[in-house]
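Raw contents of structure-v8.txt, compact mmCIF, C-alpha atoms and all ligand atoms:
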```
# COMPACT_ATOMS: atom_id res chain seq x y z
CA MET A 27 0.00 0.00 0.00
CA THR A 28 1.21 3.49 -0.84
CA ILE A 29 0.84 5.99 2.00
CA LEU A 30 -0.26 9.18 0.28
CA GLN A 31 0.50 11.39 3.30
CA ASP A 32 4.18 10.52 2.74
CA TYR A 33 4.23 12.86 -0.24
CA THR A 34 4.66 16.58 -0.74
CA GLN A 35 2.02 18.16 -2.93
CA GLN A 36 4.38 18.03 -5.91
CA GLU A 37 5.34 14.40 -5.30
CA LEU A 38 1.69 13.46 -4.94
CA THR A 39 0.83 15.20 -8.18
CA ASP A 40 3.67 13.47 -10.03
CA TYR A 41 2.68 10.10 -8.60
CA LEU A 42 -1.06 10.31 -9.20
CA THR A 43 -0.81 11.79 -12.68
CA ALA A 44 1.67 9.09 -13.72
CA GLU A 45 -0.06 6.12 -12.05
CA TYR A 46 -3.73 7.02 -12.44
CA GLY A 47 -3.66 9.38 -15.42
CA ILE A 48 -5.53 12.11 -13.53
CA LYS A 49 -5.26 15.86 -14.01
CA PRO A 50 -2.86 17.76 -11.72
CA PHE A 51 -5.70 19.86 -10.24
CA VAL A 52 -7.44 16.67 -9.08
CA ALA A 53 -4.22 15.60 -7.35
CA VAL A 54 -4.14 18.96 -5.59
CA GLN A 55 -7.74 18.45 -4.43
CA ILE A 56 -6.76 15.05 -3.05
CA TYR A 57 -3.76 16.61 -1.31
CA GLN A 58 -6.09 19.08 0.39
CA TRP A 59 -8.30 16.25 1.65
CA LEU A 60 -5.22 14.43 2.95
CA THR A 61 -4.17 17.46 5.02
CA LYS A 62 -7.62 17.31 6.63
CA ALA A 63 -7.14 13.60 7.40
CA THR A 64 -10.17 12.76 5.27
CA ASP A 65 -10.44 9.20 4.01
CA PHE A 66 -11.37 8.37 0.40
CA ASP A 67 -15.08 8.04 1.15
CA GLY A 68 -15.18 11.65 2.39
CA MET A 69 -13.47 13.14 -0.69
CA THR A 70 -16.74 14.43 -2.09
CA ASN A 71 -15.36 16.34 -5.08
CA ILE A 72 -13.45 13.31 -6.38
CA SER A 73 -15.20 10.81 -8.65
CA LYS A 74 -16.37 7.58 -7.06
CA ASN A 75 -14.54 5.55 -9.66
CA LEU A 76 -11.19 7.23 -8.90
CA ARG A 77 -11.73 6.90 -5.15
CA GLU A 78 -12.32 3.18 -5.57
CA ARG A 79 -9.21 2.74 -7.68
CA LEU A 80 -7.14 4.72 -5.16
CA SER A 81 -8.43 2.89 -2.12
CA ALA A 82 -7.44 -0.45 -3.68
CA ASP A 83 -3.72 0.34 -3.36
CA CYS A 84 -3.30 3.56 -1.38
CA VAL A 85 -3.74 4.70 2.21
CA ALA A 86 -5.24 8.18 2.69
CA VAL A 87 -5.19 8.40 6.49
CA ALA A 88 -1.89 7.00 7.74
CA ALA A 89 -2.74 7.28 11.45
CA LYS A 90 -6.36 6.82 12.54
CA ILE A 91 -7.47 7.80 16.02
CA VAL A 92 -8.93 4.64 17.53
CA LYS A 93 -9.02 5.69 21.15
CA THR A 94 -9.01 8.98 23.07
CA LEU A 95 -8.51 9.33 26.80
CA THR A 96 -9.09 12.71 28.43
CA SER A 97 -7.45 13.57 31.73
CA GLN A 98 -9.89 14.58 34.46
CA LEU A 99 -7.08 16.55 36.08
CA ASP A 100 -5.97 18.90 33.32
CA GLY A 101 -7.81 18.07 30.07
CA THR A 102 -4.74 16.50 28.48
CA LYS A 103 -5.80 14.07 25.76
CA LYS A 104 -4.05 10.86 24.94
CA PHE A 105 -4.60 9.30 21.53
CA LEU A 106 -4.03 5.83 20.27
CA PHE A 107 -3.48 5.77 16.50
CA ARG A 108 -3.88 2.71 14.32
CA LEU A 109 -1.45 2.52 11.42
CA SER A 110 -2.32 0.86 8.12
CA ASP A 111 -0.54 -2.41 9.01
CA GLY A 112 -2.40 -2.74 12.33
CA ASN A 113 0.44 -1.46 14.53
CA VAL A 114 -0.42 1.26 17.02
CA ALA A 115 1.33 4.47 18.02
CA GLU A 116 0.39 7.06 20.60
CA GLY A 117 0.27 10.81 20.98
CA VAL A 118 -0.61 13.36 23.66
CA LEU A 119 -2.27 16.76 23.28
CA MET A 120 -1.56 19.30 25.99
CA SER A 121 -3.35 22.65 26.16
CA TYR A 122 -1.45 25.73 27.23
CA LYS A 123 -2.28 29.43 27.23
CA TYR A 124 -0.54 29.93 23.90
CA GLY A 125 -2.02 26.94 22.11
CA ASN A 126 -2.07 23.17 21.88
CA THR A 127 1.09 21.10 21.87
CA LEU A 128 0.90 17.67 20.31
CA CYS A 129 3.44 15.03 21.22
CA VAL A 130 3.83 12.42 18.47
CA SER A 131 5.64 9.12 18.06
CA THR A 132 8.40 8.50 15.52
CA GLN A 133 8.75 4.72 15.88
CA VAL A 134 6.64 1.76 16.97
CA GLY A 135 8.56 0.80 20.09
CA CYS A 136 12.18 1.89 20.49
CA ARG A 137 15.58 0.21 20.63
CA MET A 138 17.39 2.72 22.85
CA GLY A 139 16.76 0.73 26.03
CA CYS A 140 16.44 3.60 28.53
CA LYS A 141 15.72 1.91 31.84
CA PHE A 142 12.89 4.21 32.95
CA CYS A 143 10.95 4.35 29.70
CA ALA A 144 7.92 2.25 28.74
CA SER A 145 8.40 2.75 24.99
CA THR A 146 11.47 0.58 24.83
CA ILE A 147 10.01 -2.46 26.59
CA GLY A 148 9.66 -4.98 23.77
CA GLY A 149 12.22 -3.20 21.59
CA LEU A 150 11.80 -1.57 18.21
CA ILE A 151 9.01 -2.93 16.05
CA ARG A 152 9.52 -0.57 13.13
CA ASN A 153 10.15 2.97 12.04
CA LEU A 154 7.22 5.21 11.22
CA SER A 155 7.20 6.70 7.74
CA ALA A 156 7.18 10.49 7.36
CA GLY A 157 3.49 10.31 6.49
CA GLU A 158 2.70 8.25 9.56
CA ILE A 159 4.33 10.86 11.79
CA LEU A 160 2.55 13.65 9.90
CA GLY A 161 -0.67 11.62 9.93
CA GLN A 162 -0.82 11.85 13.73
CA VAL A 163 -0.64 15.65 13.51
CA LEU A 164 -3.23 15.82 10.72
CA ALA A 165 -5.64 13.49 12.50
CA VAL A 166 -5.56 15.52 15.72
CA ASN A 167 -5.60 18.85 13.91
CA ALA A 168 -8.77 17.75 12.13
CA LEU A 169 -10.51 17.70 15.54
CA GLY A 170 -10.33 21.51 15.57
CA ASN A 171 -12.93 23.81 14.05
CA GLY A 172 -10.97 24.16 10.81
CA LYS A 173 -10.76 27.95 11.14
CA GLU A 174 -7.86 28.59 13.45
CA ARG A 175 -5.04 26.13 13.83
CA TYR A 176 -5.79 23.47 16.45
CA VAL A 177 -2.34 21.94 16.80
CA THR A 178 0.05 24.90 17.20
CA ASN A 179 3.17 23.18 18.51
CA ILE A 180 4.65 19.74 18.03
CA VAL A 181 7.14 17.78 20.11
CA LEU A 182 8.74 14.58 18.85
CA MET A 183 8.62 13.08 22.32
CA GLY A 184 6.27 10.15 21.94
CA SER A 185 7.52 6.62 21.45
CA GLY A 186 10.74 6.21 19.55
CA GLU A 187 14.05 7.93 19.04
CA PRO A 188 13.67 10.49 16.24
CA LEU A 189 17.36 10.46 15.33
CA ASP A 190 17.23 6.67 14.96
CA ASN A 191 14.71 7.25 12.14
CA PHE A 192 16.58 10.16 10.66
CA ASP A 193 15.48 10.34 7.03
CA ASN A 194 11.77 9.89 7.76
CA VAL A 195 11.89 12.45 10.56
CA VAL A 196 13.61 15.02 8.33
CA LYS A 197 11.05 14.36 5.61
CA PHE A 198 8.31 14.81 8.23
CA LEU A 199 9.80 18.19 9.20
CA ARG A 200 9.64 19.27 5.57
CA LEU A 201 6.06 18.01 5.15
CA VAL A 202 4.69 19.58 8.32
CA SER A 203 6.18 22.97 7.49
CA ALA A 204 5.23 22.96 3.78
CA SER A 205 3.32 26.14 2.91
CA GLU A 206 0.72 24.28 0.83
CA GLY A 207 0.14 21.81 3.68
CA ILE A 208 -0.54 22.31 7.38
CA ASN A 209 2.29 24.88 7.41
CA ILE A 210 3.50 24.70 11.01
CA SER A 211 6.68 26.71 11.50
CA LEU A 212 9.64 24.55 12.54
CA ARG A 213 10.23 27.11 15.29
CA ASN A 214 7.17 25.52 16.90
CA VAL A 215 8.52 21.99 16.53
CA SER A 216 10.86 20.34 19.05
CA LEU A 217 12.89 17.24 18.39
CA SER A 218 13.95 15.33 21.48
CA THR A 219 16.87 12.91 21.39
CA CYS A 220 18.65 10.66 23.85
CA GLY A 221 21.89 11.83 22.22
CA ILE A 222 22.82 10.11 18.95
CA VAL A 223 25.73 12.47 18.40
CA PRO A 224 26.53 12.06 14.67
CA ASN A 225 22.88 12.63 13.81
CA ILE A 226 22.63 15.75 15.98
CA ARG A 227 25.50 17.14 13.90
CA LYS A 228 23.93 15.98 10.65
CA LEU A 229 20.65 17.66 11.61
CA ALA A 230 22.51 20.86 12.53
CA ASP A 231 24.02 20.96 9.03
CA MET A 232 20.58 20.79 7.43
CA ASN A 233 19.76 24.21 8.78
CA LEU A 234 16.22 23.43 9.84
CA PRO A 235 15.13 25.89 12.56
CA VAL A 236 13.71 23.15 14.77
CA ASN A 237 14.22 23.19 18.57
CA LEU A 238 16.54 20.53 19.89
CA THR A 239 16.01 18.83 23.24
CA LEU A 240 18.62 16.55 24.76
CA SER A 241 17.38 13.96 27.25
CA LEU A 242 20.31 14.02 29.63
CA HIS A 243 18.99 12.78 32.97
CA ASN A 244 22.46 12.31 34.44
CA PRO A 245 25.65 14.35 33.97
CA PHE A 246 28.03 11.54 35.03
CA ASN A 247 29.00 9.09 32.29
CA ASP A 248 29.27 6.02 34.50
CA GLN A 249 25.81 6.60 35.97
CA ARG A 250 24.20 7.65 32.70
CA LYS A 251 25.40 4.45 31.05
CA GLU A 252 23.41 2.52 33.64
CA ILE A 253 20.10 4.12 32.73
CA MET A 254 20.72 5.10 29.10
CA PRO A 255 22.67 2.57 27.01
CA VAL A 256 23.21 5.18 24.25
CA SER A 257 25.80 6.64 26.63
CA ARG A 258 28.07 3.66 25.98
CA ALA A 259 28.42 4.89 22.41
CA TYR A 260 28.46 8.65 22.99
CA SER A 261 29.62 10.36 26.15
CA VAL A 262 27.84 13.19 27.92
CA GLU A 263 30.57 15.60 26.78
CA GLU A 264 30.21 14.53 23.15
CA ALA A 265 26.44 14.98 23.33
CA ILE A 266 26.80 18.46 24.87
CA ASP A 267 29.39 19.43 22.22
CA ALA A 268 26.99 18.33 19.49
CA CYS A 269 24.28 20.50 21.07
CA LYS A 270 26.66 23.48 21.10
CA TYR A 271 27.31 22.84 17.42
CA PHE A 272 23.56 22.71 16.78
CA PHE A 273 23.17 26.09 18.47
CA GLU A 274 26.04 27.57 16.44
CA ARG A 275 24.50 26.40 13.19
CA THR A 276 20.83 27.18 13.86
CA GLY A 277 20.80 29.85 16.59
CA ARG A 278 18.12 27.83 18.36
CA ARG A 279 18.46 27.55 22.14
CA ILE A 280 18.97 24.03 23.43
CA ILE A 281 16.63 22.42 25.96
CA ILE A 282 17.94 19.82 28.38
CA GLU A 283 15.41 17.31 29.63
CA TYR A 284 16.18 16.11 33.16
CA THR A 285 13.91 13.46 34.66
CA LEU A 286 14.47 13.07 38.39
CA ILE A 287 14.66 9.49 39.61
CA ASP A 288 14.55 8.95 43.34
CA GLY A 289 18.07 8.65 44.77
CA GLN A 290 19.76 8.30 41.38
CA ASN A 291 20.28 11.72 39.84
CA ASP A 292 18.81 14.23 42.27
CA SER A 293 21.70 15.16 44.59
CA TYR A 294 23.69 18.39 44.90
CA SER A 295 26.67 16.78 43.17
CA HIS A 296 24.46 16.07 40.15
CA ALA A 297 23.32 19.69 40.06
CA LEU A 298 26.92 20.88 40.39
CA LYS A 299 28.19 18.66 37.59
CA LEU A 300 25.24 19.60 35.39
CA ALA A 301 25.98 23.30 35.95
CA SER A 302 29.63 22.85 35.01
CA LEU A 303 28.73 20.92 31.85
CA LEU A 304 26.31 23.61 30.70
CA ARG A 305 28.42 26.63 31.61
CA GLY A 306 28.43 29.26 28.88
CA MET A 307 25.73 27.58 26.84
CA SER A 308 22.45 29.09 25.70
CA VAL A 309 20.39 26.42 27.34
CA HIS A 310 17.36 25.80 29.50
CA VAL A 311 16.78 22.78 31.73
CA ASN A 312 13.35 21.20 32.03
CA VAL A 313 13.07 19.25 35.24
CA ILE A 314 10.37 16.64 35.75
CA ALA A 315 9.84 13.89 38.28
CA LEU A 316 9.86 10.42 36.79
CA ASN A 317 6.43 9.25 35.80
CA PRO A 318 6.42 5.81 37.37
CA VAL A 319 6.12 2.93 34.90
CA LYS A 320 5.14 -0.25 36.66
CA GLU A 321 7.50 -2.45 34.65
CA THR A 322 10.62 -0.47 35.63
CA GLY A 323 10.36 -0.42 39.42
CA LEU A 324 11.90 3.08 39.48
CA LYS A 325 10.44 5.88 41.58
CA GLY A 326 10.15 9.58 40.91
CA THR A 327 11.89 12.04 43.19
CA SER A 328 9.71 13.52 45.92
CA GLU A 329 8.25 16.98 45.66
CA ARG A 330 10.60 18.28 48.34
CA VAL A 331 13.77 16.99 46.67
CA LEU A 332 12.61 18.18 43.28
CA ARG A 333 12.18 21.73 44.60
CA GLN A 334 15.55 21.53 46.27
CA PHE A 335 17.18 20.37 43.02
CA LEU A 336 15.65 23.35 41.20
CA GLN A 337 17.00 25.65 43.91
CA TYR A 338 20.47 24.18 43.52
CA LEU A 339 20.34 24.85 39.78
CA ASP A 340 19.08 28.37 40.38
CA LYS A 341 21.93 29.13 42.78
CA LEU A 342 24.39 27.68 40.30
CA GLY A 343 23.08 30.07 37.63
CA VAL A 344 21.39 27.45 35.48
CA SER A 345 18.12 28.47 33.83
CA ALA A 346 15.71 25.72 34.85
CA THR A 347 12.01 25.21 35.37
CA ARG A 348 9.87 22.36 36.33
CA ARG A 349 7.96 20.87 33.46
CA ARG A 350 4.39 20.35 34.51
CA THR A 351 3.46 16.72 34.78
CA MET A 352 0.34 16.35 32.68
CA GLY A 353 -2.12 13.58 32.14
CA GLN A 354 -0.87 11.47 35.03
CA ASP A 355 -4.25 9.79 35.39
CA ILE A 356 -4.18 8.64 31.76
CA GLU A 357 -0.70 7.13 31.63
CA GLY A 358 0.78 10.22 30.02
CA ALA A 359 4.39 8.99 29.89
CA CYS A 360 5.93 7.68 26.69
CA GLY A 361 4.71 4.31 25.60
CA GLN A 362 2.45 3.62 28.56
CA LEU A 363 -0.84 3.65 26.69
CA ARG A 364 0.44 1.44 23.91
CA ARG A 365 1.74 -1.06 26.46
CA ARG A 366 -1.56 -1.13 28.24
CA TYR A 367 -3.31 -1.68 24.93
CA LEU A 368 -0.97 -4.52 23.98
CA GLU A 369 -1.46 -6.14 27.35
CA GLY A 370 -5.24 -6.03 26.94
CA ARG A 371 -5.65 -3.76 29.96
CA ASP A 372 -7.15 -1.10 27.74
CA ASP A 373 -10.60 -1.34 29.20
CA ASN A 374 -11.80 2.20 29.92
N1 LIG B 401 13.79 9.23 22.35
C1 LIG B 401 13.61 10.62 22.55
C2 LIG B 401 12.19 11.11 22.63
C3 LIG B 401 11.18 10.28 23.34
S1 LIG B 401 11.11 10.30 25.09
C4 LIG B 401 14.39 11.07 23.78
O1 LIG B 401 15.00 10.25 24.43
O2 LIG B 401 14.43 12.26 24.05
C5 LIG B 401 10.60 11.89 25.59
C6 LIG B 401 11.14 12.28 26.97
O3 LIG B 401 10.45 11.57 28.02
C7 LIG B 401 12.60 11.94 27.13
O4 LIG B 401 13.23 12.98 27.78
C8 LIG B 401 12.55 10.69 27.99
O5 LIG B 401 13.76 10.46 28.62
C9 LIG B 401 11.39 11.02 28.91
N2 LIG B 401 10.77 9.88 29.61
C10 LIG B 401 10.64 8.62 29.19
N3 LIG B 401 10.01 7.87 30.11
C11 LIG B 401 9.72 8.70 31.13
C12 LIG B 401 9.08 8.52 32.39
N4 LIG B 401 8.60 7.34 32.76
N5 LIG B 401 8.97 9.59 33.20
C13 LIG B 401 9.44 10.81 32.81
N6 LIG B 401 10.05 11.04 31.66
C14 LIG B 401 10.20 9.98 30.81
```

Could you spell out this file's structure in structure tokens?
Ligand code: SAH
Amino acid sequence: MTILQDYTQQELTDYLTAEYGIKPFVAVQIYQWLTKATDFDGMTNISKNLRERLSADCVAVAAKIVKTLTSQLDGTKKFLFRLSDGNVAEGVLMSYKYGNTLCVSTQVGCRMGCKFCASTIGGLIRNLSAGEILGQVLAVNALGNGKERYVTNIVLMGSGEPLDNFDNVVKFLRLVSASEGINISLRNVSLSTCGIVPNIRKLADMNLPVNLTLSLHNPFNDQRKEIMPVSRAYSVEEAIDACKYFFERTGRRIIIEYTLIDGQNDSYSHALKLASLLRGMSVHVNVIALNPVKETGLKGTSERVLRQFLQYLDKLGVSATRRRTMGQDIEGACGQLRRRYLEGRDDN
């Protein structure tokens, strides 16, 4: 099956005119339906005959919302998307004063093996195509009223490691920011990585004004290796250097993600080392307490220690804020909903 949301408008036009002998303007009409996440049967200005021919070998909606959970605490919505081969991916929509941020997945599962993360349990199943990543955005955006933009910001922080699916993620960035498509500025898109250093540098050289987030979680190499196997390949210093390079090339401030795990990375010495690593950088640290995942046995840092850690960073001159924990009642952390679904616990 050909996933039509994988294509730019031009690519779609080339493909459909060559394969189906249709006029370019009809391809453009189809492209417009695709950006609204409309399936073939809803494409009312397209002939029935063409729709039938297309649906025999093409997929119009790459990610279909099959389940929505809404947090009673803060209105955060969690979506389960079904992909055309039956796999599932998940996304989270968080509402802020300035708009709605959608967190999307880049892979089914993940092979990075971070000890605290639910997405990696069961390993990597497969990469998502560019259109499957975009499809999550289009499906959720279609829930809006169609007048103003519903999804205003995107974070690649769902399941998967974006820089382990480099080409598809870069293609996604081009698709999502295309002026004839949904046209979301890359300044409103954040890519979060566990630190695949060569690909951070490669991305920097592409000059895409996307925000880069590094999931650091521990400034000491020996300890970071224990919770994040990627650290065996690339040291903390190499990852930070790559972030500095990214800033030099793009001018975009770096965000450091720091998840506090009880007794593991929340002491003064961690704050001190973190401050020395980040000295002189244009950087902001997002601190969050670990969202407990039952399979991992790890605990989040207490409220008191979290506040203390933030105070340490403040005194050490590091710009840091606590990232609000959202959707805790709906298994908001990466990969938790998909796991529940796979385990057959998905009963509400
Ligand atoms: N692979 C990418 C993006 C996906 S994870 C990355 O590593 O950045 C998005 C963020 O959520 C990462 O910072 C990740 O470390 C963090 N995370 C994963 N599981 C978590 C949990 N149970 N509690 C809190 N943060 C978690």

Original post:
Restricting the calculation to all atoms listed in the file, which member of A:Glu116, A:Glu263, A:Glu206, A:Asp111 is positioned closest to ligand LIG 401 (chain B)?
Top reply: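 Checking each candidate against ligand LIG 401 (chain B), we get A:Glu116 as the closest.
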
**OP:** Go ahead and compute the interatomic distance for atom CA of A:Arg350 and atom N5 of ligand LIG 401 (chain B), in Å to one decimal.
**Re:** 11.8 Å

**OP:** Could you tell me, counting all atoms listed in the file, which protein and nucleic acid residues lie no more than 9 Å from ligand LIG 401 (chain B), written as a VMD selection string?
**Re:** chain A and resid 129 131 to 132 136 138 140 to 145 181 to 190 217 to 221 239 to 243 254 282 to 287 314 to 319 322 324 326 351 358 to 362

Include C-alpha atoms and write out the residues we just selected as a compact mmCIF listing (two decimals), in the frame of the given file.
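Just written: result_7.txt:
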```txt
# COMPACT_ATOMS: atom_id res chain seq x y z
CA CYS A 129 3.44 15.03 21.22
CA SER A 131 5.64 9.12 18.06
CA THR A 132 8.40 8.50 15.52
CA CYS A 136 12.18 1.89 20.49
CA MET A 138 17.39 2.72 22.85
CA CYS A 140 16.44 3.60 28.53
CA LYS A 141 15.72 1.91 31.84
CA PHE A 142 12.89 4.21 32.95
CA CYS A 143 10.95 4.35 29.70
CA ALA A 144 7.92 2.25 28.74
CA SER A 145 8.40 2.75 24.99
CA VAL A 181 7.14 17.78 20.11
CA LEU A 182 8.74 14.58 18.85
CA MET A 183 8.62 13.08 22.32
CA GLY A 184 6.27 10.15 21.94
CA SER A 185 7.52 6.62 21.45
CA GLY A 186 10.74 6.21 19.55
CA GLU A 187 14.05 7.93 19.04
CA PRO A 188 13.67 10.49 16.24
CA LEU A 189 17.36 10.46 15.33
CA ASP A 190 17.23 6.67 14.96
CA LEU A 217 12.89 17.24 18.39
CA SER A 218 13.95 15.33 21.48
CA THR A 219 16.87 12.91 21.39
CA CYS A 220 18.65 10.66 23.85
CA GLY A 221 21.89 11.83 22.22
CA THR A 239 16.01 18.83 23.24
CA LEU A 240 18.62 16.55 24.76
CA SER A 241 17.38 13.96 27.25
CA LEU A 242 20.31 14.02 29.63
CA HIS A 243 18.99 12.78 32.97
CA MET A 254 20.72 5.10 29.10
CA ILE A 282 17.94 19.82 28.38
CA GLU A 283 15.41 17.31 29.63
CA TYR A 284 16.18 16.11 33.16
CA THR A 285 13.91 13.46 34.66
CA LEU A 286 14.47 13.07 38.39
CA ILE A 287 14.66 9.49 39.61
CA ILE A 314 10.37 16.64 35.75
CA ALA A 315 9.84 13.89 38.28
CA LEU A 316 9.86 10.42 36.79
CA ASN A 317 6.43 9.25 35.80
CA PRO A 318 6.42 5.81 37.37
CA VAL A 319 6.12 2.93 34.90
CA THR A 322 10.62 -0.47 35.63
CA LEU A 324 11.90 3.08 39.48
CA GLY A 326 10.15 9.58 40.91
CA THR A 351 3.46 16.72 34.78
CA GLY A 358 0.78 10.22 30.02
CA ALA A 359 4.39 8.99 29.89
CA CYS A 360 5.93 7.68 26.69
CA GLY A 361 4.71 4.31 25.60
CA GLN A 362 2.45 3.62 28.56
```

**OP:** Tell me, as a PyMOL selection string, which residues lie within 9 Å of stretch 50-63 of chain A, counting only C-alpha atoms; anything in the same chain fewer than 6 positions away does not count.
**Re:** chain A and resi 30-31+33-36+38-43+69+71-72+86-90+161+164-168+172+206-208

Subject >> Shortest interatomic distance to A:Glu321 - which of A:Thr127, A:Thr178, A:Thr146, A:Thr347, counting all atoms listed in the file >> reply: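 With all atoms listed in the file as the atom set, the closest residue is A:Thr146.
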
**OP:** Calculate how many Å separate atom CA of A:Met352 from atom CA of A:Thr96, rounding to one decimal.
**Re:**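 Rounded to one decimal, the two atoms are 11.0 Å apart.
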
Subject >> Protein, DNA and RNA residues within 12 Å of (12.0, 13.1, 48.7), all atoms listed in the file, as a list in words >> reply: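 Residues lying no farther than 12 Å from the given point: Leu286, Ile287, Asp288, Gly289, Gln290, Asp292, Ser293, Ala315, Lys325, Gly326, Thr327, Ser328, Glu329, Arg330, Val331, Leu332, Arg333, Gln334 and Phe335 of chain A.
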
Give me the box for stretch 163-170 of chain A as AutoDock Vina command-line options, namely the centre and edge lengths in Å to one decimal of a box along x, y and z that holds every listed atom plus 5 Å on each side.
```
--center_x -5.6 --center_y 17.5 --center_z 13.2 --size_x 19.9 --size_y 18.0 --size_z 15.0
```

**OP:** Rounded to one decimal place, report the atom CA of A:Gly353-atom CA of A:Asp100 distance in Å.
**Re:**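 These two atoms are separated by 6.7 Å.
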
Original post:
Could you name the residues that touch stretch 272-279 of chain A at 12 Å or less, counting all atoms listed in the file, but leaving out those on the same chain fewer than 6 positions away, as a ChimeraX atom specification?
Top reply: /A:212-217,223-240,265-266,307-311,345

Could you take the residues named above and write them with C-alpha atoms, as a short mmCIF file (atom, residue, chain, number, x, y, z; two decimals), in the frame of the given file?
```cif
data_model
loop_
_atom_site.label_atom_id
_atom_site.label_comp_id
_atom_site.auth_asym_id
_atom_site.auth_seq_id
_atom_site.Cartn_x
_atom_site.Cartn_y
_atom_site.Cartn_z
CA LEU A 212 9.64 24.55 12.54
CA ARG A 213 10.23 27.11 15.29
CA ASN A 214 7.17 25.52 16.90
CA VAL A 215 8.52 21.99 16.53
CA SER A 216 10.86 20.34 19.05
CA LEU A 217 12.89 17.24 18.39
CA VAL A 223 25.73 12.47 18.40
CA PRO A 224 26.53 12.06 14.67
CA ASN A 225 22.88 12.63 13.81
CA ILE A 226 22.63 15.75 15.98
CA ARG A 227 25.50 17.14 13.90
CA LYS A 228 23.93 15.98 10.65
CA LEU A 229 20.65 17.66 11.61
CA ALA A 230 22.51 20.86 12.53
CA ASP A 231 24.02 20.96 9.03
CA MET A 232 20.58 20.79 7.43
CA ASN A 233 19.76 24.21 8.78
CA LEU A 234 16.22 23.43 9.84
CA PRO A 235 15.13 25.89 12.56
CA VAL A 236 13.71 23.15 14.77
CA ASN A 237 14.22 23.19 18.57
CA LEU A 238 16.54 20.53 19.89
CA THR A 239 16.01 18.83 23.24
CA LEU A 240 18.62 16.55 24.76
CA ALA A 265 26.44 14.98 23.33
CA ILE A 266 26.80 18.46 24.87
CA MET A 307 25.73 27.58 26.84
CA SER A 308 22.45 29.09 25.70
CA VAL A 309 20.39 26.42 27.34
CA HIS A 310 17.36 25.80 29.50
CA VAL A 311 16.78 22.78 31.73
CA SER A 345 18.12 28.47 33.83
#
```
